[in-house]
file my_file_38.txt (compact mmCIF, C-alpha atoms and all ligand atoms)
# COMPACT_ATOMS: atom_id res chain seq x y z
CA MET A 1 78.08 79.67 38.06
CA PHE A 2 79.76 82.69 36.52
CA SER A 3 82.00 82.80 33.47
CA PRO A 4 85.54 84.21 33.61
CA THR A 5 85.88 87.85 32.58
CA SER A 6 88.96 89.89 31.80
CA VAL A 7 90.35 92.46 34.21
CA ALA A 8 90.01 95.13 31.52
CA MET A 9 86.27 94.47 31.18
CA ARG A 10 85.76 94.56 34.95
CA THR A 11 87.65 97.82 35.36
CA ALA A 12 85.84 99.42 32.44
CA ALA A 13 82.46 98.44 33.88
CA ARG A 14 83.25 99.96 37.28
CA GLY A 15 84.81 103.05 35.69
CA ALA A 16 81.78 103.82 33.56
CA PHE A 17 79.58 103.82 36.65
CA ARG A 18 81.95 106.08 38.53
CA GLN A 19 82.02 108.61 35.71
CA ALA A 20 78.28 108.59 35.36
CA THR A 21 77.75 109.19 39.06
CA SER A 22 80.54 111.64 39.72
CA SER A 23 79.24 114.02 37.09
CA SER A 24 75.72 113.94 38.45
CA SER A 25 76.00 113.82 42.18
CA SER A 26 77.12 116.95 43.88
CA ILE A 27 75.49 117.62 47.18
CA THR A 28 76.33 119.94 50.00
CA ALA A 29 79.64 118.47 51.01
CA ALA A 30 81.98 120.66 53.00
CA PRO A 31 85.50 121.18 51.65
CA ASN A 32 87.78 118.37 52.81
CA SER A 33 84.85 116.21 53.63
CA ASN A 34 83.17 113.33 51.90
CA ARG A 35 80.02 113.74 53.92
CA GLY A 36 77.10 115.98 53.24
CA LEU A 37 77.01 116.82 56.93
CA SER A 38 80.32 117.90 58.26
CA SER A 39 82.38 121.03 58.60
CA SER A 40 83.64 123.09 61.45
CA ARG A 41 80.44 124.93 62.25
CA PRO A 42 79.40 122.10 61.07
CA ALA A 43 76.72 119.99 60.49
CA PHE A 44 74.20 122.59 61.33
CA ASN A 45 74.72 124.84 58.31
CA GLN A 46 75.40 121.99 55.98
CA ALA A 47 72.33 120.14 56.96
CA ALA A 48 70.24 123.28 56.72
CA ALA A 49 71.15 123.45 53.07
CA CYS A 50 70.19 119.82 52.68
CA ILE A 51 66.81 120.35 54.25
CA VAL A 52 66.02 123.29 52.00
CA GLY A 53 66.69 120.72 49.40
CA ARG A 54 68.35 121.09 46.05
CA GLN A 55 66.72 118.87 43.53
CA ARG A 56 69.14 116.58 41.79
CA ARG A 57 69.09 113.89 39.19
CA GLY A 58 68.07 110.56 40.67
CA TYR A 59 65.28 108.17 40.13
CA VAL A 60 63.02 110.30 42.22
CA ALA A 61 62.92 114.09 42.20
CA THR A 62 62.59 114.97 45.87
CA THR A 63 63.72 117.14 48.74
CA ASN A 64 66.31 114.49 49.48
CA PRO A 65 69.66 116.08 48.58
CA ASN A 66 71.41 112.72 48.18
CA PRO A 67 68.95 110.32 46.53
CA PRO A 68 69.68 106.62 45.98
CA LEU A 69 71.43 105.44 42.83
CA GLY A 70 69.00 103.06 41.18
CA LYS A 71 69.22 100.66 38.26
CA LYS A 72 69.53 103.40 35.69
CA ASN A 73 72.77 104.53 37.33
CA ALA A 74 74.33 101.07 37.22
CA SER A 75 76.87 100.25 34.55
CA ASN A 76 78.29 96.92 35.62
CA ASP A 77 76.69 93.60 34.73
CA ILE A 78 79.87 91.59 35.09
CA PRO A 79 80.06 89.40 38.21
CA SER A 80 82.47 90.56 40.90
CA ARG A 81 84.75 88.12 42.73
CA ILE A 82 84.46 88.44 46.49
CA GLY A 83 86.74 87.37 49.34
CA LEU A 84 85.37 87.36 52.91
CA ILE A 85 87.73 87.39 55.89
CA GLY A 86 86.03 86.65 59.21
CA ALA A 87 83.36 84.51 57.55
CA ARG A 88 82.42 82.44 60.61
CA GLY A 89 81.11 85.43 62.60
CA TYR A 90 77.58 86.76 62.79
CA THR A 91 78.07 89.57 60.29
CA GLY A 92 80.04 87.36 57.89
CA GLN A 93 77.25 84.76 57.90
CA ALA A 94 74.58 87.41 57.35
CA LEU A 95 76.54 88.71 54.36
CA ILE A 96 76.90 85.21 52.89
CA ASP A 97 73.08 84.89 52.94
CA LEU A 98 72.80 88.14 50.97
CA LEU A 99 75.55 87.29 48.49
CA ASP A 100 73.88 83.96 47.78
CA GLN A 101 70.81 85.81 46.47
CA HIS A 102 72.73 88.51 44.56
CA LEU A 103 72.76 88.48 40.76
CA TYR A 104 76.38 89.57 40.40
CA MET A 105 78.33 88.77 43.55
CA ASP A 106 80.53 85.72 43.12
CA LEU A 107 81.91 84.66 46.51
CA GLN A 108 85.22 82.86 45.99
CA HIS A 109 87.07 82.71 49.31
CA VAL A 110 85.83 82.51 52.90
CA SER A 111 88.34 82.63 55.73
CA SER A 112 88.00 81.32 59.28
CA ARG A 113 90.58 79.77 61.57
CA GLU A 114 88.01 77.66 63.38
CA LEU A 115 86.19 76.32 60.29
CA ASN A 116 89.31 75.85 58.15
CA GLY A 117 88.79 72.86 55.81
CA GLN A 118 85.01 72.65 56.29
CA ALA A 119 82.51 73.18 53.48
CA LEU A 120 80.67 76.52 53.47
CA GLN A 121 76.95 75.98 54.10
CA GLY A 122 74.20 78.26 52.79
CA TYR A 123 75.88 79.33 49.58
CA SER A 124 74.55 77.74 46.41
CA LYS A 125 76.50 79.33 43.54
CA ARG A 126 79.66 77.31 43.95
CA GLU A 127 81.28 74.92 46.40
CA ILE A 128 83.62 76.76 48.75
CA ILE A 129 85.83 75.39 51.50
CA TYR A 130 86.75 77.60 54.45
CA GLU A 131 90.43 78.55 54.43
CA ASN A 132 92.57 80.11 57.13
CA LEU A 133 93.92 82.98 55.05
CA SER A 134 96.87 84.94 56.37
CA PRO A 135 97.61 88.52 55.27
CA GLU A 136 100.23 87.09 52.88
CA ASP A 137 97.64 84.72 51.35
CA VAL A 138 95.26 87.60 50.83
CA ALA A 139 97.98 89.68 49.18
CA ARG A 140 98.79 86.76 46.83
CA LEU A 141 95.12 86.30 45.89
CA ASP A 142 94.37 90.00 45.47
CA THR A 143 94.59 90.20 41.67
CA ASP A 144 91.86 87.55 41.44
CA ILE A 145 89.49 89.43 43.73
CA ASP A 146 87.37 92.52 43.02
CA CYS A 147 86.24 93.12 46.59
CA TRP A 148 87.47 92.03 50.01
CA VAL A 149 85.17 92.20 52.99
CA MET A 150 86.83 92.30 56.40
CA ALA A 151 84.39 91.07 59.06
CA LEU A 152 86.97 90.85 61.83
CA PRO A 153 86.94 92.14 65.42
CA ASN A 154 88.32 95.63 66.06
CA GLY A 155 92.09 95.84 65.89
CA VAL A 156 92.70 92.72 63.77
CA CYS A 157 92.41 94.00 60.23
CA LYS A 158 95.53 96.13 59.81
CA PRO A 159 98.03 93.43 58.70
CA TYR A 160 95.60 92.40 55.94
CA ILE A 161 95.25 95.96 54.68
CA GLU A 162 98.98 96.54 54.79
CA ALA A 163 99.64 93.32 52.86
CA ILE A 164 97.09 94.25 50.17
CA ASP A 165 98.52 97.79 49.91
CA GLN A 166 102.01 96.38 49.52
CA ALA A 167 100.95 93.87 46.84
CA GLN A 168 99.08 96.52 44.88
CA LYS A 169 102.21 98.67 44.63
CA HIS A 170 103.57 95.94 42.35
CA THR A 171 100.42 94.75 40.60
CA GLY A 172 98.56 98.04 40.15
CA HIS A 173 95.36 96.11 40.88
CA ARG A 174 92.66 98.04 42.78
CA SER A 175 90.31 95.78 44.67
CA VAL A 176 87.62 97.39 46.77
CA ILE A 177 87.95 96.75 50.53
CA VAL A 178 85.01 97.09 52.90
CA ASP A 179 85.91 96.96 56.60
CA LEU A 180 83.15 96.27 59.11
CA SER A 181 85.21 97.06 62.19
CA ALA A 182 85.76 100.47 63.79
CA ASP A 183 89.44 100.52 62.77
CA TYR A 184 89.16 102.99 59.87
CA ARG A 185 86.05 104.98 60.79
CA PHE A 186 88.14 108.05 61.63
CA ASP A 187 90.77 107.60 58.94
CA LYS A 188 90.72 110.17 56.14
CA GLN A 189 92.24 107.69 53.69
CA TRP A 190 89.03 105.70 53.94
CA THR A 191 85.48 106.62 52.96
CA TYR A 192 83.10 106.35 55.89
CA SER A 193 80.08 105.16 53.94
CA LEU A 194 76.58 105.58 55.32
CA ALA A 195 74.90 105.85 51.93
CA GLU A 196 71.87 107.86 53.06
CA LEU A 197 74.14 110.57 54.52
CA THR A 198 77.45 110.21 52.69
CA LYS A 199 77.69 111.68 49.22
CA ARG A 200 76.87 108.61 47.16
CA SER A 201 79.11 109.56 44.25
CA THR A 202 82.05 109.49 46.67
CA ILE A 203 81.24 105.93 47.69
CA CYS A 204 81.10 104.96 44.00
CA GLN A 205 84.65 106.19 43.56
CA SER A 206 86.09 104.66 46.70
CA THR A 207 88.18 101.55 47.06
CA LYS A 208 88.63 101.72 50.83
CA ILE A 209 85.27 101.77 52.55
CA SER A 210 84.71 101.88 56.28
CA ASN A 211 81.29 100.48 57.15
CA PRO A 212 79.55 102.41 59.97
CA GLY A 213 78.73 100.77 63.29
CA CYS A 214 75.26 99.43 64.02
CA TYR A 215 74.20 101.80 66.80
CA ALA A 216 75.95 104.63 64.97
CA THR A 217 73.98 104.02 61.77
CA ALA A 218 70.58 104.19 63.47
CA ALA A 219 71.61 107.14 65.63
CA GLN A 220 72.92 109.24 62.75
CA LEU A 221 69.87 108.51 60.62
CA GLY A 222 67.69 109.38 63.62
CA ILE A 223 69.41 112.72 64.24
CA ALA A 224 70.65 114.03 60.86
CA PRO A 225 67.43 115.61 59.53
CA LEU A 226 67.19 117.80 62.64
CA LEU A 227 70.76 119.10 62.66
CA PRO A 228 69.80 122.66 61.65
CA PHE A 229 67.35 122.81 64.54
CA ILE A 230 69.46 121.40 67.35
CA ASP A 231 70.37 123.60 70.31
CA GLY A 232 74.17 123.33 70.23
CA ASN A 233 74.38 124.19 73.95
CA GLY A 234 72.42 121.10 74.90
CA LEU A 235 73.34 117.44 74.77
CA ILE A 236 71.79 114.93 72.39
CA SER A 237 71.28 111.91 74.61
CA ILE A 238 70.98 108.47 73.09
CA PHE A 239 69.75 105.49 75.09
CA GLY A 240 70.45 102.30 73.17
CA VAL A 241 69.56 98.65 73.73
CA SER A 242 70.97 95.89 71.54
CA GLY A 243 70.32 92.20 71.17
CA TYR A 244 73.34 90.13 72.17
CA SER A 245 74.47 89.26 68.63
CA GLY A 246 75.91 92.79 68.72
CA ALA A 247 78.65 91.43 70.97
CA GLY A 248 79.86 88.91 68.36
CA THR A 249 80.59 85.21 68.90
CA LYS A 250 83.48 85.48 71.36
CA PRO A 251 82.02 84.56 74.77
CA SER A 252 81.61 87.43 77.23
CA ASP A 253 79.05 88.71 79.75
CA LYS A 254 77.42 90.64 76.90
CA ASN A 255 76.43 87.47 75.04
CA ASN A 256 75.96 85.21 78.06
CA VAL A 257 72.33 84.15 77.70
CA THR A 258 72.12 82.95 81.30
CA LEU A 259 73.22 86.32 82.64
CA LEU A 260 70.97 88.12 80.17
CA ALA A 261 67.79 86.22 81.07
CA ASP A 262 65.30 88.66 82.71
CA ASN A 263 68.05 91.22 82.65
CA LEU A 264 69.40 94.38 80.99
CA ILE A 265 73.15 95.06 81.10
CA PRO A 266 74.48 98.60 80.75
CA TYR A 267 78.06 98.89 79.50
CA SER A 268 80.59 101.51 78.28
CA LEU A 269 78.49 104.27 79.85
CA THR A 270 80.86 106.97 78.66
CA ASN A 271 83.18 107.19 75.65
CA HIS A 272 81.80 104.18 73.76
CA ILE A 273 83.43 104.15 70.32
CA HIS A 274 80.01 104.76 68.72
CA GLU A 275 79.58 107.93 70.80
CA ARG A 276 82.68 109.33 69.14
CA GLU A 277 81.62 107.98 65.75
CA ILE A 278 78.16 109.56 65.91
CA SER A 279 79.52 112.92 67.04
CA HIS A 280 82.41 112.96 64.56
CA HIS A 281 80.31 112.09 61.54
CA LEU A 282 77.54 114.50 62.48
CA GLY A 283 80.02 117.34 62.32
CA GLY A 284 80.87 117.52 66.03
CA ALA A 285 77.35 117.42 67.48
CA LYS A 286 77.38 117.03 71.30
CA VAL A 287 76.29 113.48 71.97
CA GLY A 288 76.00 111.24 75.04
CA PHE A 289 75.44 107.57 74.21
CA VAL A 290 74.59 104.90 76.78
CA PRO A 291 74.46 101.35 75.38
CA HIS A 292 72.78 98.32 76.98
CA VAL A 293 72.47 94.70 75.96
CA ALA A 294 69.28 92.68 76.36
CA SER A 295 68.24 89.05 76.12
CA TRP A 296 66.99 89.00 72.51
CA PHE A 297 69.38 87.93 69.72
CA ARG A 298 69.29 90.63 67.07
CA GLY A 299 67.82 94.13 66.79
CA ILE A 300 68.57 97.51 68.36
CA HIS A 301 66.27 100.13 69.85
CA LEU A 302 67.39 103.74 70.32
CA THR A 303 65.57 106.49 72.21
CA ILE A 304 67.12 109.83 71.30
CA ASN A 305 66.47 113.08 73.20
CA ILE A 306 67.20 116.15 71.11
CA PRO A 307 67.21 119.75 72.43
CA LEU A 308 65.83 122.17 69.83
CA ASN A 309 66.89 125.75 69.07
CA GLU A 310 63.35 126.85 68.24
CA VAL A 311 59.82 125.83 69.14
CA MET A 312 58.61 123.06 66.87
CA ASN A 313 55.74 120.63 66.75
CA SER A 314 55.59 116.95 66.03
CA ARG A 315 53.92 117.33 62.65
CA ASP A 316 56.61 119.70 61.34
CA ILE A 317 59.31 117.38 62.56
CA ARG A 318 57.75 114.40 60.87
CA GLN A 319 57.58 116.37 57.63
CA ILE A 320 61.28 117.19 57.91
CA TYR A 321 62.15 113.49 58.23
CA GLN A 322 59.85 112.48 55.40
CA ASP A 323 61.34 115.11 53.09
CA ARG A 324 64.92 114.28 53.99
CA TYR A 325 64.45 110.56 53.41
CA ALA A 326 62.13 110.75 50.40
CA GLY A 327 63.00 107.98 47.95
CA GLU A 328 65.14 106.10 50.47
CA LYS A 329 64.24 102.43 50.42
CA LEU A 330 66.08 101.50 53.61
CA VAL A 331 64.67 104.21 55.87
CA LYS A 332 61.05 104.28 56.93
CA VAL A 333 59.53 107.16 58.87
CA VAL A 334 56.60 105.99 60.98
CA GLY A 335 54.19 107.68 63.41
CA GLU A 336 54.40 105.56 66.54
CA PRO A 337 57.69 104.61 68.20
CA PRO A 338 58.93 101.61 66.16
CA MET A 339 59.24 98.23 67.86
CA VAL A 340 62.41 96.21 67.86
CA LYS A 341 60.55 92.93 67.19
CA ASN A 342 59.28 94.39 63.90
CA ILE A 343 62.76 95.17 62.57
CA TYR A 344 64.01 91.60 63.11
CA LYS A 345 65.76 90.39 59.93
CA ARG A 346 64.62 93.45 58.00
CA HIS A 347 67.11 95.52 56.07
CA GLY A 348 66.44 99.14 56.93
CA VAL A 349 65.90 101.55 59.80
CA GLU A 350 62.54 102.62 61.21
CA ILE A 351 62.32 106.09 62.73
CA GLY A 352 59.30 107.28 64.69
CA GLY A 353 57.95 108.60 67.95
CA LEU A 354 58.96 112.21 67.22
CA ALA A 355 57.21 113.40 70.38
CA VAL A 356 57.70 117.05 71.32
CA ASP A 357 57.45 118.13 74.97
CA SER A 358 55.24 120.91 76.30
CA THR A 359 57.94 123.58 75.80
CA GLY A 360 58.19 122.70 72.12
CA LYS A 361 61.98 122.67 72.48
CA ARG A 362 62.71 118.98 73.07
CA VAL A 363 61.90 116.10 70.77
CA VAL A 364 62.22 112.38 71.43
CA VAL A 365 63.03 110.28 68.38
CA CYS A 366 63.01 106.47 68.39
CA ALA A 367 64.85 104.32 65.87
CA THR A 368 65.18 100.58 65.34
CA ILE A 369 67.66 98.64 63.23
CA ASP A 370 68.65 95.01 62.77
CA ASN A 371 72.28 95.19 63.82
CA LEU A 372 73.36 92.30 61.58
CA ASN A 373 71.55 93.67 58.50
CA LYS A 374 71.46 97.45 57.98
CA GLY A 375 73.74 97.65 61.01
CA ALA A 376 76.40 95.55 59.21
CA SER A 377 75.89 93.19 56.25
CA THR A 378 73.13 95.01 54.33
CA GLN A 379 75.01 98.27 54.66
CA CYS A 380 78.15 96.46 53.50
CA LEU A 381 76.32 95.14 50.44
CA GLN A 382 74.84 98.59 49.72
CA ASN A 383 78.40 99.95 49.73
CA MET A 384 79.73 97.06 47.64
CA ASN A 385 77.00 97.66 45.07
CA LEU A 386 77.89 101.34 44.81
CA ALA A 387 81.65 100.79 44.68
CA LEU A 388 81.43 97.93 42.17
CA GLY A 389 79.01 99.67 39.83
CA TYR A 390 75.71 97.86 40.52
CA ALA A 391 72.37 99.41 41.45
CA GLU A 392 72.52 100.39 45.11
CA TYR A 393 69.73 98.05 46.22
CA GLU A 394 70.70 95.08 44.03
CA GLY A 395 70.18 91.94 46.12
CA ILE A 396 68.71 93.86 49.07
CA PRO A 397 65.09 93.33 50.16
CA THR A 398 63.91 96.91 50.66
CA MET A 399 61.54 98.22 53.37
N1 LIG B 1 77.67 91.91 65.46
C1 LIG B 1 77.16 93.08 65.09
O1 LIG B 1 75.99 93.38 65.31
C2 LIG B 1 78.01 94.06 64.33
C3 LIG B 1 77.39 95.15 63.72
C4 LIG B 1 78.19 96.08 63.02
C5 LIG B 1 79.55 95.91 62.97
N2 LIG B 1 80.12 94.84 63.61
C6 LIG B 1 81.57 94.70 63.51
O2 LIG B 1 81.82 93.69 62.54
C7 LIG B 1 82.99 92.95 62.91
C8 LIG B 1 82.61 91.47 62.98
O3 LIG B 1 81.61 91.32 63.98
P1 LIG B 1 80.91 89.93 64.28
O4 LIG B 1 79.82 90.21 65.25
O5 LIG B 1 80.61 89.21 63.03
O6 LIG B 1 82.10 89.18 65.07
P2 LIG B 1 82.22 87.67 65.45
O7 LIG B 1 80.88 87.02 65.34
O8 LIG B 1 82.91 87.59 66.76
O9 LIG B 1 83.18 87.09 64.31
C9 LIG B 1 84.51 87.47 64.19
C10 LIG B 1 85.13 86.77 62.99
O10 LIG B 1 86.51 87.10 62.93
C11 LIG B 1 87.31 85.92 63.00
N3 LIG B 1 88.44 86.26 63.89
C12 LIG B 1 88.38 86.59 65.20
N4 LIG B 1 89.61 86.93 65.66
C13 LIG B 1 90.44 86.79 64.59
C14 LIG B 1 91.84 86.98 64.43
N5 LIG B 1 92.62 87.37 65.46
N6 LIG B 1 92.38 86.76 63.20
C15 LIG B 1 91.62 86.35 62.17
N7 LIG B 1 90.28 86.15 62.27
C16 LIG B 1 89.71 86.37 63.47
C17 LIG B 1 86.40 84.85 63.54
O11 LIG B 1 86.63 83.57 62.94
P3 LIG B 1 87.67 82.51 63.42
O12 LIG B 1 87.81 82.71 64.92
O13 LIG B 1 87.08 81.21 63.06
O14 LIG B 1 88.91 82.86 62.66
C18 LIG B 1 85.03 85.28 63.05
O15 LIG B 1 84.81 84.82 61.74
C19 LIG B 1 83.46 93.52 64.24
O16 LIG B 1 84.49 94.45 64.03
C20 LIG B 1 82.22 94.21 64.79
O17 LIG B 1 82.53 95.29 65.64
C21 LIG B 1 79.39 93.92 64.26
call {"tool": "encode", "arguments": {"input": "my_file_38.txt", "output": "structure tokens", "more": "lines below"}}
Ligand SMILES: NC(=O)c1ccc[n+]([C@@H]2O[C@H](COP(=O)([O-])OP(=O)(O)OC[C@H]3O[C@@H](n4cnc5c(N)ncnc54)[C@H](OP(=O)(O)O)[C@@H]3O)[C@@H](O)[C@H]2O)c1
result
Amino acid sequence: MFSPTSVAMRTAARGAFRQATSSSSSITAAPNSNRGLSSSRPAFNQAAACIVGRQRRGYVATTNPNPPLGKKNASNDIPSRIGLIGARGYTGQALIDLLDQHLYMDLQHVSSRELNGQALQGYSKREIIYENLSPEDVARLDTDIDCWVMALPNGVCKPYIEAIDQAQKHTGHRSVIVDLSADYRFDKQWTYSLAELTKRSTICQSTKISNPGCYATAAQLGIAPLLPFIDGNGLISIFGVSGYSGAGTKPSDKNNVTLLADNLIPYSLTNHIHEREISHHLGGAKVGFVPHVASWFRGIHLTINIPLNEVMNSRDIRQIYQDRYAGEKLVKVVGEPPMVKNIYKRHGVEIGGLAVDSTGKRVVVCATIDNLNKGASTQCLQNMNLALGYAEYEGIPTM
């Protein structure tokens, strides 16, 4: 159980963290961008600067231009009050499990139309009853909440955001909002927050956070270190296979276990929203993404073909990945292609394979991610920690 704390104390605690991080964390962000990896000739030059590696303050001194913000960067030890909209779904439930183990997150409201009136299971810090919260309810409750998490399907969130915005014009309160859907991933008013690639100090100062998609997280992490070496005339092709929890709880062919038995279902073969997301947030890299769904429940495998602009070998490429992700506790670079069964319920991304063909100008990178963890709820908690002033990995089992 947490004790009540004044708004002034909460705001001061978050503010101190923001100041501390904003003065220390400048990486290679392009003007008008909150990412280390985007501009108009984009990504390639930016990322080159990252690879060369400026050393910055962090808890490890490395070639990683954007190192994690550890305990020494945290300033807040006051519990934060959390409201979760879309709590019945797969990602909402995965987040509840994490919040239950977190030192400072104090879940106060969970919303679901279907479970309205039922007791929340799996949360031990207080008794909570599911409510069916409307946008107006959320606006009314906003001053008592430090962070809202929206775990709703695409296209549903907007009335909630508008109601909170409207209420805050009168109250001046600034809750953090993290949205798990794709609705704000291309919106400049929001911070697209993939902590390993987004300037972390920007996330610390953000109140509107758009959580990246699951496939898009693994793909960007799998491609980003090589951006300076990619042949811009070629296509980066990404073959992805997800477990069926990726399709959410609403029944469809993509989560029909009978149809999926002994089967693999391709879908959205062109123009999947994650294709646009990956390309956009890697500075316009040319990407073709083909998703599939398989019969297992959770976990994604990606095989990524990358055309190179110079002859390289596997060992050099592995070194590039290891340098870029040095100190990262949610990214693991491995030798062999990682296996999806090994990432089940784990909280990071494994990247491996890194096989170069006989011309030396094409590399195949494999990446695995648990779509409900680093693909959604773990990433959400990582962002909540940063935005609320806690150590980035607080409450997250690292790799
Ligand atoms: N599943 C994944 O692997 C994954 C990974 C990354 C991101 N995401 C994104 O995260 C979001 C949530 O995904 P999910 O898999 O957790 O979905 P889900 O399992 O289908 O759950 C959706 C949640 O939203 C609520 N809901 C549905 N329609 C609603 C409406 N019209 N108004 C209010 N509430 C509504 C549902 O509860 P009630 O019906 O009881 O109200 C449920 O709690 C989606 O935008 C998804 O794209 C998912």
call {"tool": "closest_residue", "arguments": {"input": "my_file_38.txt", "among": "A:Ile273, A:Leu308, A:Leu260, A:Ile230", "to": "Asp357 of chain A", "atoms": "only C-alpha atoms"}}
result
A:Leu308
call {"tool": "residues_around", "arguments": {"input": "my_file_38.txt", "residues": "Asn371 of chain A", "least_positions_apart": "6", "cutoff": "7 Å", "atoms": "only C-alpha atoms", "output": "list in words"}}
result
Cys214, Gly246, Arg298, Gly299 and Ile300 of chain A
call {"tool": "closest_atom_pairs", "arguments": {"input": "my_file_38.txt", "of": "chain A", "to": "ligand LIG 1 (chain B)", "cutoff": "6 Å", "atoms": "only C-alpha atoms and all ligand atoms", "output": "tab-separated table"}}
result
residue	atom	partner	partner_atom	distance
A:Gly86	CA	B:LIG1	O15	3.4
A:Ala87	CA	B:LIG1	O15	4.4
A:Arg88	CA	B:LIG1	O15	3.6
A:Gly89	CA	B:LIG1	O9	3.2
A:Tyr90	CA	B:LIG1	O5	3.9
A:Thr91	CA	B:LIG1	O5	3.8
A:Gly92	CA	B:LIG1	O5	5.5
A:Ser112	CA	B:LIG1	O14	3.8
A:Arg113	CA	B:LIG1	O14	3.7
A:Glu114	CA	B:LIG1	O13	3.7
A:Leu115	CA	B:LIG1	O13	5.7
A:Ala151	CA	B:LIG1	C8	4.3
A:Leu152	CA	B:LIG1	O10	3.9
A:Pro153	CA	B:LIG1	O16	3.6
A:Asn154	CA	B:LIG1	O16	4.5
A:Val156	CA	B:LIG1	N5	5.6
A:Leu180	CA	B:LIG1	O2	4.5
A:Ser181	CA	B:LIG1	O16	3.3
A:Gly213	CA	B:LIG1	C4	4.7
A:Cys214	CA	B:LIG1	C4	4.6
A:Ser245	CA	B:LIG1	N1	5.2
A:Gly246	CA	B:LIG1	O1	3.5
A:Ala247	CA	B:LIG1	N1	5.6
A:Gly248	CA	B:LIG1	O4	3.4
A:Thr249	CA	B:LIG1	O8	4.0
A:Lys250	CA	B:LIG1	O8	5.1
A:Asn371	CA	B:LIG1	O1	4.4
A:Leu372	CA	B:LIG1	O1	4.7
A:Gly375	CA	B:LIG1	C4	5.1
A:Ala376	CA	B:LIG1	C4	4.2
call {"tool": "closest_residue", "arguments": {"input": "my_file_38.txt", "among": "A:Leu269, A:Met399, A:Met384, A:Ile306", "to": "Asn342 of chain A", "atoms": "only C-alpha atoms"}}
result
A:Met399
call {"tool": "closest_residue", "arguments": {"input": "my_file_38.txt", "among": "A:Thr217, A:Asn233, A:Asn271, A:Ser124", "to": "Leu98 of chain A", "atoms": "only C-alpha atoms"}}
result
A:Ser124
call {"tool": "axis_aligned_box", "arguments": {"input": "my_file_38.txt", "around": "segment 288-299 of chain A", "padding_each_side": "8 Å", "output": "lines of an AutoDock Vina configuration file"}}
result
center_x = 71.5
center_y = 99.6
center_z = 71.9
size_x = 25.0
size_y = 39.3
size_z = 26.2
call {"tool": "closest_residue", "arguments": {"input": "my_file_38.txt", "among": "A:Ala285, A:Val241, A:Ala391, A:Leu235", "to": "Asn305 of chain A", "atoms": "only C-alpha atoms"}}
result
A:Leu235
call {"tool": "closest_residue", "arguments": {"input": "my_file_38.txt", "among": "A:Lys208, A:Arg126, A:Lys341, A:Lys374", "to": "His301 of chain A", "atoms": "only C-alpha atoms"}}
result
A:Lys341
call {"tool": "decode", "arguments": {"input": "my_file_38.txt", "residues": "segment 67-104 of chain A", "atoms": "C-alpha atoms", "output": "short mmCIF file (atom, residue, chain, number, x, y, z; two decimals), in the first residue's frame"}}
result
data_model
loop_
_atom_site.label_atom_id
_atom_site.label_comp_id
_atom_site.auth_asym_id
_atom_site.auth_seq_id
_atom_site.Cartn_x
_atom_site.Cartn_y
_atom_site.Cartn_z
CA PRO A 67 23.19 4.56 -23.16
CA PRO A 68 20.50 3.51 -20.68
CA LEU A 69 19.57 5.75 -17.76
CA GLY A 70 20.27 3.68 -14.67
CA LYS A 71 19.54 4.12 -10.98
CA LYS A 72 21.94 7.00 -10.58
CA ASN A 73 19.88 9.02 -13.06
CA ALA A 74 16.62 8.44 -11.21
CA SER A 75 15.21 11.17 -9.00
CA ASN A 76 11.75 9.97 -8.14
CA ASP A 77 11.01 7.64 -5.25
CA ILE A 78 7.40 8.70 -4.87
CA PRO A 79 4.84 6.17 -6.11
CA SER A 80 3.01 7.08 -9.31
CA ARG A 81 -0.73 6.56 -9.71
CA ILE A 82 -1.57 4.61 -12.85
CA GLY A 83 -4.78 4.24 -14.86
CA LEU A 84 -5.01 1.47 -17.48
CA ILE A 85 -7.62 1.65 -20.25
CA GLY A 86 -8.02 -1.60 -22.19
CA ALA A 87 -6.99 -3.71 -19.20
CA ARG A 88 -8.69 -6.96 -20.28
CA GLY A 89 -6.52 -7.39 -23.40
CA TYR A 90 -3.29 -9.31 -23.77
CA THR A 91 -0.99 -6.30 -23.49
CA GLY A 92 -2.98 -4.80 -20.60
CA GLN A 93 -2.72 -8.06 -18.65
CA ALA A 94 1.01 -8.35 -19.33
CA LEU A 95 1.48 -4.81 -18.02
CA ILE A 96 -0.53 -5.56 -14.86
CA ASP A 97 1.89 -8.44 -14.11
CA LEU A 98 4.82 -6.02 -14.39
CA LEU A 99 3.19 -3.25 -12.36
CA ASP A 100 2.45 -5.73 -9.58
CA GLN A 101 6.19 -6.31 -9.13
CA HIS A 102 7.23 -2.65 -9.48
CA LEU A 103 8.44 -0.72 -6.44
CA TYR A 104 6.76 2.55 -7.36
#
